[in-house]
Every structure is written in C-alpha cells, then in structure tokens.
>>> print(open('my_file_23.csv').read())   # CSV, C-alpha atoms and all ligand atoms
chain,number,residue,atom,x,y,z
A,1,MET,CA,-41.4,-43.6,-123.7
A,2,VAL,CA,-39.3,-45.7,-121.4
A,3,TRP,CA,-39.1,-43.0,-118.8
A,4,ASP,CA,-42.8,-42.8,-118.4
A,5,ARG,CA,-42.9,-46.5,-117.6
A,6,LEU,CA,-39.9,-46.3,-115.3
A,7,ILE,CA,-40.5,-43.2,-113.2
A,8,ARG,CA,-43.5,-43.1,-110.8
A,9,GLU,CA,-46.4,-41.1,-112.3
A,10,GLU,CA,-46.9,-39.2,-109.0
A,11,LEU,CA,-43.6,-37.5,-109.6
A,12,GLU,CA,-44.7,-36.0,-113.0
A,13,GLY,CA,-45.1,-32.3,-112.8
A,14,LEU,CA,-43.2,-32.0,-109.5
A,15,VAL,CA,-40.3,-29.6,-109.5
A,16,PRO,CA,-37.1,-29.9,-107.5
A,17,TYR,CA,-36.5,-27.7,-104.5
A,18,ALA,CA,-35.3,-24.4,-105.8
A,19,PRO,CA,-32.5,-23.0,-103.7
A,20,GLY,CA,-31.9,-19.2,-103.6
A,21,LEU,CA,-29.5,-17.5,-106.0
A,22,ARG,CA,-25.8,-18.3,-105.5
A,23,VAL,CA,-23.4,-15.5,-104.5
A,24,SER,CA,-21.3,-16.0,-107.6
A,25,GLN,CA,-24.4,-15.5,-109.9
A,26,VAL,CA,-25.3,-12.3,-108.2
A,27,ARG,CA,-21.8,-11.0,-108.1
A,28,GLU,CA,-21.6,-11.4,-111.9
A,29,ARG,CA,-25.0,-9.7,-112.4
A,30,SER,CA,-24.7,-6.8,-110.0
A,31,GLY,CA,-21.0,-6.0,-110.5
A,32,LYS,CA,-20.7,-5.6,-106.7
A,33,ALA,CA,-17.7,-7.3,-105.1
A,34,GLU,CA,-19.3,-7.9,-101.8
A,35,ILE,CA,-22.6,-9.8,-102.0
A,36,LEU,CA,-24.8,-10.2,-98.9
A,37,LYS,CA,-26.8,-13.4,-99.0
A,38,LEU,CA,-29.8,-13.2,-96.8
A,39,SER,CA,-32.0,-15.7,-98.5
A,40,SER,CA,-31.5,-19.0,-96.7
A,41,ASN,CA,-31.9,-18.2,-93.0
A,42,GLU,CA,-28.3,-19.1,-92.4
A,43,HIS,CA,-26.4,-17.8,-89.4
A,44,PRO,CA,-24.1,-14.9,-90.5
A,45,SER,CA,-21.2,-16.3,-88.3
A,46,GLY,CA,-19.3,-19.5,-88.7
A,47,PRO,CA,-19.5,-22.4,-86.3
A,48,VAL,CA,-18.0,-21.9,-82.8
A,49,PRO,CA,-14.2,-22.6,-82.4
A,50,LEU,CA,-14.8,-25.6,-80.2
A,51,ALA,CA,-16.8,-27.3,-83.0
A,52,VAL,CA,-14.4,-26.3,-85.7
A,53,GLU,CA,-11.4,-27.7,-83.8
A,54,ALA,CA,-13.2,-31.0,-83.1
A,55,MET,CA,-14.3,-31.3,-86.7
A,56,THR,CA,-10.8,-30.5,-88.0
A,57,ALA,CA,-9.3,-33.1,-85.7
A,58,VAL,CA,-11.6,-35.8,-87.0
A,59,LEU,CA,-10.7,-35.3,-90.7
A,60,THR,CA,-7.8,-37.7,-90.6
A,61,ARG,CA,-10.1,-40.5,-89.4
A,62,LEU,CA,-12.5,-40.3,-92.3
A,63,ASN,CA,-11.3,-43.6,-93.7
A,64,ARG,CA,-13.7,-45.1,-91.1
A,65,TYR,CA,-17.5,-45.1,-91.4
A,66,PRO,CA,-19.4,-42.9,-89.0
A,67,ASP,CA,-21.0,-44.3,-85.9
A,68,GLY,CA,-24.3,-45.5,-87.5
A,69,GLY,CA,-26.1,-45.1,-84.2
A,70,ALA,CA,-24.7,-41.6,-83.6
A,71,VAL,CA,-24.6,-42.8,-80.0
A,72,ALA,CA,-22.5,-40.0,-78.4
A,73,LEU,CA,-24.5,-37.2,-80.0
A,74,ARG,CA,-27.9,-38.8,-79.2
A,75,ARG,CA,-26.8,-39.5,-75.6
A,76,LYS,CA,-25.8,-35.9,-75.2
A,77,LEU,CA,-29.0,-34.6,-76.7
A,78,ALA,CA,-31.0,-37.0,-74.5
A,79,ASP,CA,-29.3,-35.7,-71.4
A,80,ARG,CA,-29.6,-32.1,-72.4
A,81,LEU,CA,-33.3,-32.4,-73.2
A,82,ASN,CA,-34.2,-34.7,-70.4
A,83,VAL,CA,-35.6,-37.5,-72.7
A,84,ALA,CA,-34.5,-41.1,-73.1
A,85,PHE,CA,-31.8,-42.0,-75.5
A,86,GLU,CA,-34.3,-44.2,-77.4
A,87,GLN,CA,-36.4,-41.1,-78.0
A,88,VAL,CA,-33.8,-39.2,-80.0
A,89,ALA,CA,-33.4,-39.6,-83.8
A,90,VAL,CA,-30.7,-37.7,-85.7
A,91,GLY,CA,-30.8,-36.9,-89.4
A,92,ASN,CA,-29.0,-35.4,-92.4
A,93,GLY,CA,-30.5,-32.1,-91.5
A,94,SER,CA,-34.0,-32.0,-89.9
A,95,ASN,CA,-35.1,-32.0,-93.5
A,96,GLU,CA,-34.3,-35.7,-93.7
A,97,LEU,CA,-36.1,-36.4,-90.5
A,98,ILE,CA,-39.2,-34.7,-91.8
A,99,ARG,CA,-39.1,-36.9,-94.8
A,100,LEU,CA,-38.5,-40.0,-92.7
A,101,LEU,CA,-41.3,-39.3,-90.4
A,102,ALA,CA,-43.6,-38.9,-93.4
A,103,GLN,CA,-42.2,-42.1,-94.8
A,104,VAL,CA,-42.9,-44.2,-91.7
A,105,VAL,CA,-46.5,-42.9,-91.4
A,106,LEU,CA,-48.1,-42.0,-94.7
A,107,ARG,CA,-49.9,-44.4,-97.0
A,108,PRO,CA,-51.1,-43.2,-100.4
A,109,GLY,CA,-54.2,-41.1,-100.0
A,110,ASP,CA,-53.6,-40.2,-96.3
A,111,GLU,CA,-54.1,-36.5,-95.5
A,112,VAL,CA,-51.4,-34.2,-94.4
A,113,VAL,CA,-52.5,-31.0,-92.7
A,114,TYR,CA,-50.1,-28.0,-92.8
A,115,ALA,CA,-50.4,-24.2,-92.9
A,116,TRP,CA,-49.6,-22.2,-96.0
A,117,PRO,CA,-47.3,-20.5,-96.6
A,118,SER,CA,-45.0,-22.6,-94.5
A,119,PHE,CA,-41.9,-24.7,-95.0
A,120,VAL,CA,-41.8,-26.1,-98.6
A,121,VAL,CA,-40.6,-29.5,-97.5
A,122,TYR,CA,-44.0,-30.4,-96.1
A,123,PRO,CA,-45.7,-30.4,-99.5
A,124,MET,CA,-42.6,-32.1,-101.0
A,125,VAL,CA,-42.8,-35.1,-98.7
A,126,THR,CA,-46.6,-35.2,-99.1
A,127,ASN,CA,-46.1,-35.4,-102.9
A,128,ILE,CA,-43.5,-38.1,-102.9
A,129,LEU,CA,-45.5,-40.4,-100.7
A,130,ASN,CA,-48.6,-39.8,-102.8
A,131,ALA,CA,-50.5,-38.5,-99.8
A,132,ALA,CA,-53.2,-35.7,-100.0
A,133,HIS,CA,-52.5,-32.1,-99.2
A,134,VAL,CA,-54.7,-30.2,-96.8
A,135,ARG,CA,-53.4,-26.7,-96.8
A,136,VAL,CA,-54.7,-24.2,-94.3
A,137,PRO,CA,-54.1,-20.6,-95.1
A,138,LEU,CA,-52.3,-18.5,-92.5
A,139,ASP,CA,-54.6,-16.0,-90.7
A,140,ALA,CA,-54.8,-12.2,-91.4
A,141,ALA,CA,-51.7,-11.7,-89.2
A,142,ASP,CA,-49.7,-14.2,-91.3
A,143,ALA,CA,-49.7,-16.7,-88.4
A,144,HIS,CA,-51.0,-20.3,-88.1
A,145,ASP,CA,-54.8,-20.4,-87.9
A,146,LEU,CA,-54.9,-23.3,-85.4
A,147,GLU,CA,-58.7,-23.3,-85.1
A,148,ALA,CA,-58.9,-23.8,-88.9
A,149,MET,CA,-56.2,-26.4,-88.8
A,150,ALA,CA,-58.0,-28.4,-86.1
A,151,ASP,CA,-61.2,-28.1,-88.2
A,152,ALA,CA,-59.3,-29.5,-91.2
A,153,ILE,CA,-58.4,-32.8,-89.5
A,154,THR,CA,-60.4,-35.7,-90.7
A,155,ASP,CA,-60.4,-39.5,-90.2
A,156,LYS,CA,-57.9,-39.6,-93.0
A,157,THR,CA,-55.4,-37.2,-91.4
A,158,ARG,CA,-52.2,-38.9,-90.4
A,159,ILE,CA,-49.7,-36.0,-90.0
A,160,VAL,CA,-50.1,-32.4,-89.0
A,161,PHE,CA,-47.0,-30.3,-89.5
A,162,LEU,CA,-46.8,-27.3,-87.2
A,163,CYS,CA,-43.9,-25.0,-88.0
A,164,ASN,CA,-43.3,-23.0,-84.9
A,165,PRO,CA,-41.9,-20.4,-85.5
A,166,ASN,CA,-43.2,-20.4,-89.0
A,167,ASN,CA,-40.9,-20.2,-92.0
A,168,PRO,CA,-41.3,-17.9,-94.0
A,169,THR,CA,-43.3,-15.5,-91.9
A,170,GLY,CA,-41.3,-15.8,-88.6
A,171,SER,CA,-44.6,-15.8,-86.6
A,172,ILE,CA,-45.3,-18.0,-83.7
A,173,VAL,CA,-48.1,-19.9,-82.2
A,174,ARG,CA,-48.6,-18.9,-78.5
A,175,ARG,CA,-49.2,-21.2,-75.6
A,176,ALA,CA,-52.9,-20.8,-74.9
A,177,ALA,CA,-53.8,-21.3,-78.6
A,178,PHE,CA,-51.4,-24.2,-78.9
A,179,GLU,CA,-52.9,-26.0,-75.9
A,180,ARG,CA,-56.4,-25.6,-77.2
A,181,PHE,CA,-55.2,-27.0,-80.5
A,182,LEU,CA,-53.4,-29.9,-78.9
A,183,ASP,CA,-56.6,-30.9,-77.2
A,184,ARG,CA,-58.2,-31.2,-80.6
A,185,VAL,CA,-55.6,-33.3,-82.3
A,186,PRO,CA,-56.7,-36.9,-82.3
A,187,GLU,CA,-54.5,-39.6,-80.7
A,188,ASP,CA,-53.9,-41.4,-84.0
A,189,VAL,CA,-52.5,-38.3,-85.8
A,190,LEU,CA,-48.8,-37.6,-85.7
A,191,LEU,CA,-48.2,-34.0,-84.7
A,192,VAL,CA,-44.8,-32.9,-86.0
A,193,ILE,CA,-43.7,-29.6,-84.4
A,194,ASP,CA,-40.9,-28.2,-86.5
A,195,GLU,CA,-38.8,-25.9,-84.2
A,196,ALA,CA,-35.9,-25.2,-86.6
A,197,TYR,CA,-35.7,-21.6,-85.2
A,198,PHE,CA,-36.3,-22.5,-81.5
A,199,GLU,CA,-33.1,-21.0,-80.2
A,200,PHE,CA,-33.9,-17.6,-81.6
A,201,VAL,CA,-37.2,-17.3,-79.8
A,202,THR,CA,-37.6,-14.8,-76.9
A,203,ASP,CA,-41.4,-14.5,-76.6
A,204,LEU,CA,-42.3,-15.8,-73.1
A,205,GLU,CA,-45.6,-17.2,-74.4
A,206,PHE,CA,-43.8,-19.5,-76.8
A,207,PRO,CA,-44.8,-23.1,-76.1
A,208,ASP,CA,-41.7,-25.3,-76.1
A,209,GLY,CA,-42.9,-28.4,-77.9
A,210,LEU,CA,-40.8,-30.6,-75.6
A,211,HIS,CA,-42.8,-29.5,-72.7
A,212,TYR,CA,-45.7,-31.4,-74.2
A,213,PHE,CA,-43.7,-34.5,-75.2
A,214,ASP,CA,-44.4,-37.5,-72.9
A,215,GLY,CA,-43.2,-40.3,-75.1
A,216,GLU,CA,-46.7,-41.7,-75.3
A,217,ARG,CA,-48.8,-39.4,-77.5
A,218,PRO,CA,-47.7,-39.2,-81.1
A,219,LEU,CA,-46.0,-35.8,-80.9
A,220,VAL,CA,-42.6,-35.2,-82.4
A,221,VAL,CA,-40.3,-32.1,-82.0
A,222,ALA,CA,-37.8,-31.5,-84.8
A,223,ARG,CA,-34.8,-29.1,-84.4
A,224,THR,CA,-31.7,-28.4,-86.3
A,225,PHE,CA,-28.0,-27.5,-85.9
A,226,SER,CA,-28.3,-25.5,-89.2
A,227,LYS,CA,-29.5,-22.2,-87.9
A,228,MET,CA,-28.4,-21.0,-84.5
A,229,TYR,CA,-25.4,-23.4,-84.5
A,230,SER,CA,-24.1,-22.3,-87.9
A,231,LEU,CA,-23.8,-25.9,-89.2
A,232,ALA,CA,-26.1,-25.7,-92.3
A,233,GLY,CA,-23.4,-27.0,-94.6
A,234,LEU,CA,-22.9,-30.0,-92.4
A,235,ARG,CA,-26.5,-31.3,-92.4
A,236,VAL,CA,-27.5,-32.4,-89.0
A,237,GLY,CA,-30.8,-32.1,-87.2
A,238,TYR,CA,-32.6,-34.1,-84.5
A,239,ALA,CA,-36.1,-35.2,-83.6
A,240,ILE,CA,-37.5,-36.1,-80.2
A,241,ALA,CA,-40.1,-38.7,-80.8
A,242,PRO,CA,-41.8,-41.7,-79.0
A,243,GLU,CA,-39.6,-44.8,-79.1
A,244,PRO,CA,-41.7,-46.7,-81.7
A,245,ILE,CA,-41.4,-43.8,-84.1
A,246,VAL,CA,-37.6,-43.6,-83.6
A,247,ARG,CA,-37.4,-47.3,-84.2
A,248,ALA,CA,-39.4,-47.0,-87.4
A,249,VAL,CA,-37.3,-44.1,-88.6
A,250,ASP,CA,-34.2,-46.3,-87.9
A,251,THR,CA,-35.5,-49.0,-90.3
A,252,CYS,CA,-36.0,-46.5,-93.1
A,253,ARG,CA,-33.0,-44.3,-92.8
A,254,GLU,CA,-29.6,-44.8,-94.5
A,255,PRO,CA,-27.3,-46.7,-92.2
A,256,PHE,CA,-24.9,-43.8,-91.9
A,257,ASN,CA,-27.2,-40.9,-92.5
A,258,VAL,CA,-25.3,-38.5,-90.3
A,259,ASN,CA,-21.6,-38.3,-91.2
A,260,THR,CA,-18.7,-38.3,-88.8
A,261,VAL,CA,-17.9,-34.7,-89.1
A,262,ALA,CA,-21.5,-33.7,-88.5
A,263,GLN,CA,-21.8,-35.9,-85.4
A,264,VAL,CA,-18.6,-34.3,-83.9
A,265,GLY,CA,-19.5,-30.8,-85.0
A,266,ALA,CA,-23.0,-30.9,-83.5
A,267,TYR,CA,-21.7,-32.6,-80.3
A,268,TYR,CA,-19.3,-29.7,-79.6
A,269,ALA,CA,-21.4,-26.9,-81.0
A,270,MET,CA,-23.9,-27.6,-78.2
A,271,ASP,CA,-21.4,-26.8,-75.5
A,272,ASP,CA,-21.1,-23.1,-76.1
A,273,THR,CA,-24.3,-22.0,-74.5
A,274,ALA,CA,-23.0,-18.5,-73.8
A,275,GLU,CA,-22.6,-18.0,-77.5
A,276,VAL,CA,-26.2,-19.0,-78.1
A,277,VAL,CA,-27.4,-16.4,-75.7
A,278,ARG,CA,-25.1,-13.8,-77.3
A,279,ARG,CA,-26.3,-14.7,-80.8
A,280,ARG,CA,-30.0,-14.6,-79.7
A,281,ASP,CA,-29.6,-11.1,-78.2
A,282,GLU,CA,-27.7,-9.8,-81.2
A,283,ASN,CA,-30.3,-11.3,-83.6
A,284,GLN,CA,-33.1,-9.7,-81.7
A,285,GLU,CA,-31.5,-6.3,-81.7
A,286,GLN,CA,-30.6,-6.4,-85.4
A,287,ARG,CA,-34.1,-7.5,-86.2
A,288,ARG,CA,-35.5,-4.6,-84.3
A,289,LEU,CA,-33.2,-2.2,-86.2
A,290,LEU,CA,-34.3,-3.7,-89.5
A,291,CYS,CA,-38.0,-3.5,-88.7
A,292,GLU,CA,-37.6,0.1,-87.5
A,293,ALA,CA,-36.0,1.0,-90.8
A,294,PHE,CA,-38.9,-0.8,-92.6
A,295,ASP,CA,-41.3,1.4,-90.7
A,296,ARG,CA,-39.4,4.5,-91.8
A,297,LEU,CA,-39.4,3.3,-95.4
A,298,GLY,CA,-43.1,2.3,-95.5
A,299,VAL,CA,-42.3,-1.4,-95.8
A,300,GLY,CA,-44.7,-3.7,-94.0
A,301,TRP,CA,-43.4,-6.6,-91.9
A,302,VAL,CA,-44.6,-9.5,-89.8
A,303,PRO,CA,-43.4,-9.7,-86.1
A,304,SER,CA,-40.7,-12.4,-86.1
A,305,GLU,CA,-39.2,-14.6,-83.5
A,306,THR,CA,-36.6,-15.9,-85.9
A,307,ASN,CA,-33.4,-14.8,-87.8
A,308,PHE,CA,-35.5,-13.5,-90.7
A,309,VAL,CA,-38.3,-11.1,-91.4
A,310,TYR,CA,-41.2,-11.4,-93.8
A,311,ALA,CA,-41.3,-8.0,-95.5
A,312,LYS,CA,-44.5,-7.1,-97.2
A,313,THR,CA,-44.4,-5.4,-100.6
A,314,GLU,CA,-46.8,-5.0,-103.4
A,315,ARG,CA,-44.0,-5.1,-105.9
A,316,PRO,CA,-42.0,-8.2,-104.9
A,317,VAL,CA,-40.5,-8.9,-108.3
A,318,GLU,CA,-39.2,-5.3,-108.7
A,319,VAL,CA,-37.9,-5.0,-105.2
A,320,PHE,CA,-36.2,-8.4,-105.4
A,321,GLN,CA,-34.4,-7.4,-108.6
A,322,ALA,CA,-33.5,-3.9,-107.3
A,323,LEU,CA,-32.0,-5.5,-104.1
A,324,LEU,CA,-29.9,-7.8,-106.3
A,325,GLU,CA,-28.5,-4.8,-108.1
A,326,GLU,CA,-27.5,-3.5,-104.6
A,327,GLY,CA,-25.8,-6.9,-104.1
A,328,VAL,CA,-28.3,-8.1,-101.5
A,329,ILE,CA,-30.0,-11.5,-102.0
A,330,VAL,CA,-33.3,-12.0,-100.3
A,331,ARG,CA,-35.9,-14.8,-100.8
A,332,ASP,CA,-38.7,-14.2,-103.1
A,333,PHE,CA,-41.9,-16.2,-103.5
A,334,GLY,CA,-42.9,-15.6,-107.1
A,335,ASN,CA,-45.8,-13.1,-107.1
A,336,ALA,CA,-46.6,-13.5,-103.4
A,337,PRO,CA,-46.5,-10.0,-102.0
A,338,ALA,CA,-43.6,-10.5,-99.7
A,339,LEU,CA,-39.9,-11.1,-99.5
A,340,ARG,CA,-38.0,-12.9,-96.7
A,341,VAL,CA,-35.0,-11.0,-95.4
A,342,GLY,CA,-32.4,-12.7,-93.3
A,343,ILE,CA,-30.9,-11.0,-90.2
A,344,GLY,CA,-27.2,-10.5,-90.4
A,345,THR,CA,-24.4,-9.1,-88.2
A,346,PRO,CA,-24.6,-5.4,-87.2
A,347,PRO,CA,-22.6,-4.2,-90.3
A,348,GLN,CA,-24.7,-6.5,-92.5
A,349,THR,CA,-27.9,-5.0,-91.1
A,350,ALA,CA,-26.6,-1.5,-91.8
A,351,ARG,CA,-25.9,-2.6,-95.4
A,352,THR,CA,-29.4,-4.2,-95.7
A,353,ILE,CA,-31.0,-1.0,-94.5
A,354,GLU,CA,-28.9,1.0,-97.0
A,355,ALA,CA,-30.0,-1.3,-99.8
A,356,PHE,CA,-33.7,-0.9,-98.9
A,357,GLU,CA,-33.2,2.8,-98.7
A,358,ALA,CA,-31.7,2.9,-102.2
A,359,VAL,CA,-34.4,0.7,-103.6
A,360,VAL,CA,-37.2,2.8,-102.1
A,361,ALA,CA,-35.5,5.9,-103.5
A,362,ARG,CA,-35.4,4.3,-106.9
A,363,LEU,CA,-38.8,2.7,-107.0
A,364,GLY,CA,-40.8,5.2,-105.0
A,365,SER,CA,-43.1,3.3,-102.7
A,366,VAL,CA,-42.6,-0.4,-102.4
A,401,LIG,C1,-38.9,-24.6,-90.8
A,401,LIG,C2,-37.7,-25.4,-91.2
A,401,LIG,N1,-37.6,-26.7,-90.9
A,401,LIG,C3,-36.6,-27.4,-91.2
A,401,LIG,C4,-35.6,-26.9,-91.9
A,401,LIG,C5,-34.5,-27.8,-92.4
A,401,LIG,O1,-33.3,-27.5,-91.8
A,401,LIG,P1,-32.1,-28.5,-91.9
A,401,LIG,O2,-32.4,-29.6,-92.9
A,401,LIG,O3,-30.9,-27.7,-92.4
A,401,LIG,O4,-31.9,-29.0,-90.5
A,401,LIG,C6,-35.6,-25.5,-92.3
A,401,LIG,C7,-34.5,-25.0,-93.1
A,401,LIG,O5,-34.6,-23.9,-93.7
A,401,LIG,C8,-36.7,-24.8,-91.9
A,401,LIG,O6,-36.8,-23.5,-92.3
>>> encode(input="my_file_23.csv", output="structure tokens")
Amino acid sequence: MVWDRLIREELEGLVPYAPGLRVSQVRERSGKAEILKLSSNEHPSGPVPLAVEAMTAVLTRLNRYPDGGAVALRRKLADRLNVAFEQVAVGNGSNELIRLLAQVVLRPGDEVVYAWPSFVVYPMVTNILNAAHVRVPLDAADAHDLEAMADAITDKTRIVFLCNPNNPTGSIVRRAAFERFLDRVPEDVLLVIDEAYFEFVTDLEFPDGLHYFDGERPLVVARTFSKMYSLAGLRVGYAIAPEPIVRAVDTCREPFNVNTVAQVGAYYAMDDTAEVVRRRDENQEQRRLLCEAFDRLGVGWVPSETNFVYAKTERPVEVFQALLEEGVIVRDFGNAPALRVGIGTPPQTARTIEAFEAVVARLGSV
C-alpha cells in the first residue's frame, strides 16, 4: 500500500493525543444544562482584563505577521526571571517547546528517561523521534522516584524529563531529593524541568528550577501561560535554556510559532501579579475543601501542589461515568485506579463535592 511506503514506520500503532470529552458531548449525554469541565487542568476564570484589552486592541493589526523573534515578550520574561534575553525561548504552548527540545537533542535510539504516570507528551515526542523510552514508575506515594530515575540513566540517555509538580498526580519533588538527583545527572544529559504548574505551588520545600539554572549546564525550565494565566486557548509557553539550546530551537521552530495575539496576551497577563497571588490562595483553599470532602466520602487522594487532585478509586470507569451523569467531566486514565479532578471556583468546588456525594450514594464505596 502506498501509505505504508509514504508514512514513517515508527508512527505505525501510535495514537493521537486524546483530549478530554467536550462540554457539548456531555451536555447531550447527561441532559444537564450546566456542565462542569474539570478534565484539562484549565483555570476556571478567564484571562485578566489587562490581557483581554491588549489582545482585543491588536486584532485589527492581524494582517501583519507576528514578531518572529517575540522580542518584547522574551525581553520581559528575561527581565522578570533574571536571565539573558538569549536564554529565553517561547513556543506555541510549552508543549511545542518540549517537542522542539527533543527534536534538537534526540537521535534515533537515544534514551529518554521520564517518570510514569507523567505528562503524556514525553512519550509522544520520544516516539516521533524514534528514541527509546525509559519509564520509571512513581513511588508508593505517587511521586517521582528520583533515586530510581538516576539509576535509570545510562550512556545512551540524552534527555530526562522531570515534571515538577507532576501531572497527573500533583505531587512534587522536594529540594533535598532534587539536589541529590541533580548531582547524579551527567553533564551530557539534558534535564528538562517541566514547571507548567509552578505558579500554584505553595510548599516551601519546592525547588524552583530556575534557581539551578546557570546557563552552562544542560538544564532547561519550561513554563506556560496556559494554567495560572488562563491562556490555554492562546497557546503560549516559554523555556529558560542555555543559549546554544535556544539557538538550536530557533533553527527548528516555525518562523512565527507564537502568534501576535498570544505574544500580546502573555506580555500583559504577567503584569497582574496580585491576581496570581489571589488565584493561588483560592486554589489552595478549594483544593483543601475538595480533599476534605474526599476524606469524608472515603475517596483516596494524593497531596497536590497544583490546580488538580489525583483521586484514587478502585472503580474508575464507573465513577467517571457516574460523574458524567452528574454533568461533571474529570480525566480518566483507562483502567488506572485514579481520576484527575480539576479545581474550580468556590461554587464549582461545591458542585464537584455534591457530584461526588451523589456518586458515592449511588455506587456505595468508590
Ligand atoms: C506538565 C505539563 N507540561 C506542559 C503542558 C503543556 O501546556 P501548554 O502547551 O498549554 O503550555 C501541560 C498541559 O497540560 C502539562 O500538564
């Protein structure tokens, strides 16, 4: 068949990223008018007004291409984060940057070390570059097993992905363990610290990846405007990386990979620092209330530093379906004994708790 000759054989058997259910699908199935989507770790509020105004103002100028160098945004990030302009890369979501980093480093057969379960894009980029997966299971507490990850590094390892906090479990790696790990990562391995949920973290023992960035060792910190800054639909993320890595990424990326609206939205979203603090506090409180309810209902959960909670259940398929009937969409992982539940606004948390109460009443223990 012609397609077999045309399409690279490594792609055979791979499946596309499966997004969560859409609100319209669930509305139809459940018959509920108001659907609560807690499946994609999105922020429940829209972008801050400053960003919305700036983005609206730029719409009339979309006949022009974006600034291909995203100079204003990168300059602002560099100033904020106290790194050089040349050490900042921006991407169409941090997702694109994760792929670009893999693209500039991996050769077929190279090994990629990452924890599992973790962010699904790590295996995806490993697959498309025909590299080898070295998956290290999370420990008994559903957190990264850094000793085991360090043990898994070989001469063939080129990238280690460290998702901190981890998606889907919300767990973090703490400073002492991280520093021991860092000492064990060889100088010729790219350590990519994915901090997509950085702004939600309150644990004082959290090791800010940027603190370990010196522009010399191959360490990259990736963050995003999709979560705390409510710009998931816009697609903009950034990576702080040594200059040679940023230069290599520049050679592989699309010339205009971050669109004009995204550059402007991210630029202004950063300014409302008071709102970030307010959101962090509110998220922490709503997460506490949700976990308290889980305790009452006999649902297990993993301590989270993010805007989602990994809820443990022996009946994930039934609980997932029963929640859908309540009009609440969470993230399932097939038969894995857990569901990921996003944190919403205070009224949304109340509704999430009511939905879980109804499900437990219906199914008995979960
Ligand atoms: C751990 C982690 N990294 C990266 C991303 C990618 O985010 P984006 O491409 O929207 O910046 C996500 C999104 O869910 C994530 O959970």
>>> closest_residue(input="my_file_23.csv", among="A:Asp281, A:Val261, A:Gly298, A:Gln348", to="A:Asn63", atoms="all atoms listed in the file")
A:Val261
>>> atom_distance(input="my_file_23.csv", atom1="atom CA of A:Val71", atom2="atom CA of A:Glu243")
15.2 Å
>>> residues_around(input="my_file_23.csv", residues="A:Val302", least_positions_apart="2", cutoff="8 Å", atoms="all atoms listed in the file", output="list of chain:residue names")
A:Ala141, A:Asp142, A:Thr169, A:Gly170, A:Ser171, A:Gly300, A:Ser304, A:Val309, A:Tyr310, A:Ala311, A:Lys312
>>> residues_near_ligand(input="my_file_23.csv", ligand="ligand LIG 401 (chain A)", cutoff="6 Å", atoms="only C-alpha atoms and all ligand atoms", output="list of chain:residue names")
A:Gly93, A:Ser94, A:Asn95, A:Phe119, A:Cys163, A:Asn167, A:Asp194, A:Ala196, A:Thr224, A:Ser226, A:Ala232, A:Arg235, A:Val236, A:Gly237
>>> atom_distance(input="my_file_23.csv", atom1="atom CA of A:Val185", atom2="atom CA of A:Arg217")
10.3 Å
>>> residues_near_point(input="my_file_23.csv", point="(-41.0, -29.1, -81.1)", cutoff="12 Å", atoms="all atoms listed in the file", output="MDAnalysis selection string")
chainID A and resid 81 94 161:166 173 178 191:199 206:213 219:224 238:241
>>> residues_around(input="my_file_23.csv", residues="A:Asp155", least_positions_apart="3", cutoff="10 Å", atoms="all atoms listed in the file", output="list in words")
Asp110, Glu111, Arg158, Pro186, Asp188 and Val189 of chain A
>>> closest_residue(input="my_file_23.csv", among="A:Arg27, A:Arg351, A:Arg340, A:Arg8", to="A:Ile128", atoms="only C-alpha atoms")
A:Arg8
>>> atom_distance(input="my_file_23.csv", atom1="atom CA of A:Cys252", atom2="atom CA of A:Leu100")
7.0 Å
>>> closest_residue(input="my_file_23.csv", among="A:Tyr267, A:Pro117, A:Ile343, A:Arg75", to="A:Lys227", atoms="only C-alpha atoms")
A:Ile343
>>> residues_around(input="my_file_23.csv", residues="stretch 291-294 of chain A", least_positions_apart="2", cutoff="12 Å", atoms="only C-alpha atoms", output="JSON, numbers by chain")
{"A": [284, 285, 286, 287, 288, 289, 296, 297, 298, 299, 300, 301, 302, 303, 304, 308, 309, 310, 311, 312, 313, 341, 342, 343, 349, 350, 351, 352, 353, 354, 355, 356, 357, 359, 360, 365, 366]}
>>> decode(input="my_file_23.csv", residues="stretch 145-156 of chain A", atoms="N, CA, C and O atoms", output="short mmCIF file (atom, residue, chain, number, x, y, z; two decimals), in the first residue's frame")
data_model
loop_
_atom_site.label_atom_id
_atom_site.label_comp_id
_atom_site.auth_asym_id
_atom_site.auth_seq_id
_atom_site.Cartn_x
_atom_site.Cartn_y
_atom_site.Cartn_z
N ASP A 145 10.31 8.96 41.75
CA ASP A 145 11.31 8.18 42.47
C ASP A 145 12.67 8.59 41.90
O ASP A 145 13.17 7.99 40.93
N LEU A 146 13.23 9.63 42.47
CA LEU A 146 14.42 10.23 41.85
C LEU A 146 15.65 9.33 41.93
O LEU A 146 16.50 9.37 41.04
N GLU A 147 15.72 8.52 42.97
CA GLU A 147 16.85 7.58 43.05
C GLU A 147 16.77 6.61 41.87
O GLU A 147 17.76 6.37 41.18
N ALA A 148 15.56 6.09 41.66
CA ALA A 148 15.38 5.13 40.55
C ALA A 148 15.60 5.81 39.20
O ALA A 148 16.14 5.21 38.27
N MET A 149 15.21 7.07 39.11
CA MET A 149 15.42 7.78 37.83
C MET A 149 16.90 7.98 37.57
O MET A 149 17.37 7.82 36.45
N ALA A 150 17.64 8.33 38.62
CA ALA A 150 19.09 8.50 38.45
C ALA A 150 19.73 7.16 38.08
O ALA A 150 20.62 7.10 37.21
N ASP A 151 19.26 6.09 38.71
CA ASP A 151 19.79 4.75 38.39
C ASP A 151 19.50 4.37 36.93
O ASP A 151 20.23 3.58 36.34
N ALA A 152 18.42 4.92 36.39
CA ALA A 152 17.99 4.54 35.03
C ALA A 152 18.79 5.24 33.94
O ALA A 152 18.71 4.90 32.76
N ILE A 153 19.58 6.24 34.32
CA ILE A 153 20.37 6.98 33.33
C ILE A 153 21.55 6.12 32.88
O ILE A 153 22.26 5.55 33.71
N THR A 154 21.73 6.02 31.56
CA THR A 154 22.85 5.25 31.02
C THR A 154 23.66 6.15 30.06
O THR A 154 23.32 7.33 29.89
N ASP A 155 24.65 5.56 29.42
CA ASP A 155 25.44 6.31 28.42
C ASP A 155 24.58 6.78 27.26
O ASP A 155 24.94 7.71 26.54
N LYS A 156 23.45 6.10 27.06
CA LYS A 156 22.60 6.45 25.92
C LYS A 156 21.55 7.50 26.25
O LYS A 156 20.84 7.97 25.38
#
